[in-house]
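First up is the structure itself, then whatever we jot down about it.
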Amino acid sequence: AGAPAANALAALPDAAPAAASGPPVVLSWRAPSLVRVGQEFSVVVLARTGQPVGSLPLALHYDPNAFALVKVSEGDFLKQGGAQTSFNQNVDANAGRIAIDTSQTSGRGSGGTGTVTTVTLKAKVVVEKAEFSLLSASPTTPAGTALGLTSPAALSLRVVE
(Lines give C-alpha, C1' and ligand atoms only; values in the text may rest on other atoms or scores of the structure.)
Protein backbone atom coordinates (compact mmCIF):
# COMPACT_ATOMS: atom_id res chain seq x y z
CA ALA A 1 0.00 0.00 0.00
CA GLY A 2 3.00 2.30 0.53
CA ALA A 3 4.23 2.16 -3.08
CA PRO A 4 1.38 4.11 -4.77
CA ALA A 5 1.71 6.93 -2.25
CA ALA A 6 5.48 7.05 -2.76
CA ASN A 7 4.99 7.17 -6.53
CA ALA A 8 2.43 9.96 -6.20
CA LEU A 9 4.81 11.98 -4.02
CA ALA A 10 7.69 11.41 -6.43
CA ALA A 11 5.54 12.75 -9.27
CA LEU A 12 4.74 16.02 -7.45
CA PRO A 13 8.03 17.88 -8.11
CA ASP A 14 7.67 17.26 -11.87
CA ALA A 15 4.02 18.34 -11.87
CA ALA A 16 4.53 21.44 -9.71
CA PRO A 17 6.25 23.66 -12.34
CA ALA A 18 3.37 23.12 -14.77
CA ALA A 19 0.80 24.11 -12.13
CA ALA A 20 2.88 27.01 -10.83
CA SER A 21 5.20 28.22 -13.55
CA GLY A 22 7.75 30.99 -13.30
CA PRO A 23 9.38 32.41 -10.21
CA PRO A 24 7.50 31.96 -6.95
CA VAL A 25 5.89 34.66 -4.89
CA VAL A 26 8.22 35.08 -1.91
CA LEU A 27 6.57 36.30 1.28
CA SER A 28 8.54 37.73 4.20
CA TRP A 29 8.02 39.66 7.44
CA ARG A 30 9.20 43.00 8.73
CA ALA A 31 8.62 43.30 12.49
CA PRO A 32 10.42 43.90 15.76
CA SER A 33 11.64 40.82 17.65
CA LEU A 34 11.18 42.50 21.04
CA VAL A 35 8.23 44.60 22.21
CA ARG A 36 7.07 45.98 25.56
CA VAL A 37 3.76 45.29 27.32
CA GLY A 38 1.27 47.96 26.20
CA GLN A 39 3.26 48.77 23.04
CA GLU A 40 1.58 48.83 19.63
CA PHE A 41 3.71 47.46 16.82
CA SER A 42 3.34 46.37 13.21
CA VAL A 43 3.99 43.12 11.42
CA VAL A 44 4.39 43.91 7.73
CA VAL A 45 3.80 41.11 5.20
CA LEU A 46 6.00 41.73 2.16
CA ALA A 47 5.83 40.09 -1.27
CA ARG A 48 8.47 39.78 -3.98
CA THR A 49 8.00 38.14 -7.37
CA GLY A 50 9.10 38.35 -10.98
CA GLN A 51 5.66 37.80 -12.47
CA PRO A 52 2.21 39.40 -12.33
CA VAL A 53 0.08 38.62 -9.29
CA GLY A 54 -3.66 39.34 -9.49
CA SER A 55 -4.75 38.09 -6.07
CA LEU A 56 -3.08 37.07 -2.84
CA PRO A 57 -5.47 35.67 -0.20
CA LEU A 58 -3.75 35.04 3.14
CA ALA A 59 -4.52 33.44 6.47
CA LEU A 60 -2.42 34.65 9.39
CA HIS A 61 -2.21 33.61 13.03
CA TYR A 62 -1.08 35.52 16.11
CA ASP A 63 -1.01 34.48 19.78
CA PRO A 64 -4.27 35.97 21.17
CA ASN A 65 -3.03 35.50 24.75
CA ALA A 66 0.01 37.71 24.09
CA PHE A 67 -1.41 40.22 21.60
CA ALA A 68 -4.56 42.21 20.92
CA LEU A 69 -5.33 43.02 17.29
CA VAL A 70 -5.52 46.77 16.70
CA LYS A 71 -6.03 46.88 12.91
CA VAL A 72 -5.30 45.26 9.57
CA SER A 73 -4.34 47.57 6.69
CA GLU A 74 -4.05 47.00 2.96
CA GLY A 75 -0.57 47.33 1.49
CA ASP A 76 0.56 48.78 -1.84
CA PHE A 77 1.66 45.55 -3.56
CA LEU A 78 -1.50 44.93 -5.62
CA LYS A 79 -2.14 48.67 -6.14
CA GLN A 80 0.90 49.07 -8.41
CA GLY A 81 0.27 51.02 -11.58
CA GLY A 82 -2.87 52.57 -10.09
CA ALA A 83 -4.78 49.26 -10.16
CA GLN A 84 -8.11 49.12 -8.35
CA THR A 85 -8.20 46.53 -5.57
CA SER A 86 -10.56 44.70 -3.28
CA PHE A 87 -9.40 44.16 0.32
CA ASN A 88 -11.50 42.20 2.80
CA GLN A 89 -10.61 40.86 6.21
CA ASN A 90 -12.25 38.41 8.56
CA VAL A 91 -10.86 38.36 12.10
CA ASP A 92 -11.40 35.77 14.81
CA ALA A 93 -9.80 37.56 17.77
CA ASN A 94 -10.40 34.65 20.17
CA ALA A 95 -8.47 32.24 17.95
CA GLY A 96 -5.95 34.83 16.76
CA ARG A 97 -6.80 34.21 13.10
CA ILE A 98 -6.91 36.79 10.33
CA ALA A 99 -8.23 35.86 6.89
CA ILE A 100 -7.42 38.42 4.20
CA ASP A 101 -8.79 38.37 0.68
CA THR A 102 -6.94 40.88 -1.47
CA SER A 103 -7.10 41.10 -5.25
CA GLN A 104 -7.00 43.46 -8.18
CA THR A 105 -10.40 44.26 -9.59
CA SER A 106 -8.72 45.71 -12.66
CA GLY A 107 -5.15 45.70 -13.86
CA ARG A 108 -2.38 43.63 -15.30
CA GLY A 109 -1.21 42.20 -12.01
CA SER A 110 1.61 43.36 -9.79
CA GLY A 111 5.19 42.15 -9.69
CA GLY A 112 8.39 43.27 -8.07
CA THR A 113 8.20 44.00 -4.34
CA GLY A 114 5.67 45.60 -2.03
CA THR A 115 3.62 45.39 1.14
CA VAL A 116 0.69 42.97 1.04
CA THR A 117 -0.73 43.95 4.43
CA THR A 118 0.24 45.51 7.75
CA VAL A 119 -1.11 43.98 10.95
CA THR A 120 -0.95 46.25 13.99
CA LEU A 121 -0.93 44.45 17.33
CA LYS A 122 -0.68 45.52 20.97
CA ALA A 123 1.37 43.45 23.41
CA LYS A 124 -0.74 42.38 26.40
CA VAL A 125 1.52 40.29 28.67
CA VAL A 126 5.14 39.39 29.26
CA VAL A 127 6.03 36.29 27.25
CA GLU A 128 9.36 34.77 26.26
CA LYS A 129 8.17 33.59 22.84
CA ALA A 130 4.91 34.39 21.03
CA GLU A 131 4.49 33.49 17.38
CA PHE A 132 3.00 35.23 14.38
CA SER A 133 2.66 32.91 11.42
CA LEU A 134 1.35 32.42 7.92
CA LEU A 135 -1.29 29.67 7.88
CA SER A 136 -1.83 29.81 4.13
CA ALA A 137 -1.42 31.96 1.03
CA SER A 138 -2.79 31.36 -2.46
CA PRO A 139 -1.28 33.79 -4.98
CA THR A 140 -2.72 33.70 -8.50
CA THR A 141 -2.05 35.44 -11.79
CA PRO A 142 -4.60 38.02 -13.05
CA ALA A 143 -6.11 35.12 -15.07
CA GLY A 144 -6.50 33.00 -11.93
CA THR A 145 -3.63 30.54 -12.44
CA ALA A 146 -1.99 29.38 -9.20
CA LEU A 147 1.50 30.71 -8.56
CA GLY A 148 4.29 29.07 -6.60
CA LEU A 149 4.89 30.33 -3.07
CA THR A 150 7.85 30.60 -0.73
CA SER A 151 6.52 31.14 2.80
CA PRO A 152 8.38 32.72 5.70
CA ALA A 153 9.08 30.81 8.90
CA ALA A 154 6.95 31.80 11.88
CA LEU A 155 7.95 35.07 13.46
CA SER A 156 9.04 34.76 17.07
CA LEU A 157 8.35 37.78 19.28
CA ARG A 158 9.41 38.41 22.87
CA VAL A 159 7.35 40.68 25.13
CA VAL A 160 9.01 42.34 28.13
CA GLU A 161 7.84 44.76 30.84
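Ordering of the C-alpha coordinates sets the chain letters (A, B, ...), residue numbers begin anew at 1 in every chain, and ligands are numbered from 1 in the order given.
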Enumerate the residues of chain A with a DSSP assignment of strand (DSSP E or B), computed from the backbone, and present them as a ChimeraX atom specification. /A:25-30,34-36,40-53,55,58-62,67-74,85-92,97-104,110-123,127-137,140,146,149-150,155-160
Here is a test: counting only C-alpha atoms, which residue of A:Leu58, A:Phe132, A:Arg36, A:Thr117 is nearest to Asp76 in chain A?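 That would be A:Thr117, the residue with the smallest distance to Asp76 in chain A.
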Could I get the residues of range 34-68 of chain A with an atom no further than 8 Å from an atom of range 146-161 of chain A, each paired with its nearest atom pair and that distance in Å to one decimal, using only C-alpha atoms, sorted by chain and residue number, as a Markdown table?
```
| residue | atom | partner | partner_atom | distance |
| --- | --- | --- | --- | --- |
| A:Leu34 | CA | A:Arg158 | CA | 4.8 |
| A:Val35 | CA | A:Val159 | CA | 5.0 |
| A:Arg36 | CA | A:Val160 | CA | 4.9 |
| A:Val37 | CA | A:Glu161 | CA | 5.4 |
| A:Ala66 | CA | A:Val159 | CA | 8.0 |
```
In Å, rounded to a single decimal, give me how far CA of Trp29 in chain A is from CA of Pro64 in chain A.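 Going from CA of Pro64 in chain A over to CA of Trp29 in chain A covers 18.8 Å.
Among the candidates A:Gly54, A:Gly112, A:Gly38, A:Pro24, the one nearest to Gln84 in chain A when counting only C-alpha atoms is A:Gly54.
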Looking at only C-alpha atoms, which of A:Pro139, A:Gly96, A:Gly114, A:Gly144 is the one that sits closest to Pro23 in chain A?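 Comparing A:Pro139, A:Gly96, A:Gly114, A:Gly144 against Pro23 in chain A, the winner is A:Pro139.
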All residues 7 Å or closer to Glu40 in chain A, only C-alpha atoms, same chain fewer than 3 positions away omitted, as a PyMOL selection string: chain A and resi 120-123
Of the candidates A:Val116, A:Asn65, A:Glu74, A:Ala59, which shows the shortest atom-to-atom distance to Leu46 in chain A, using only C-alpha atoms? A:Val116
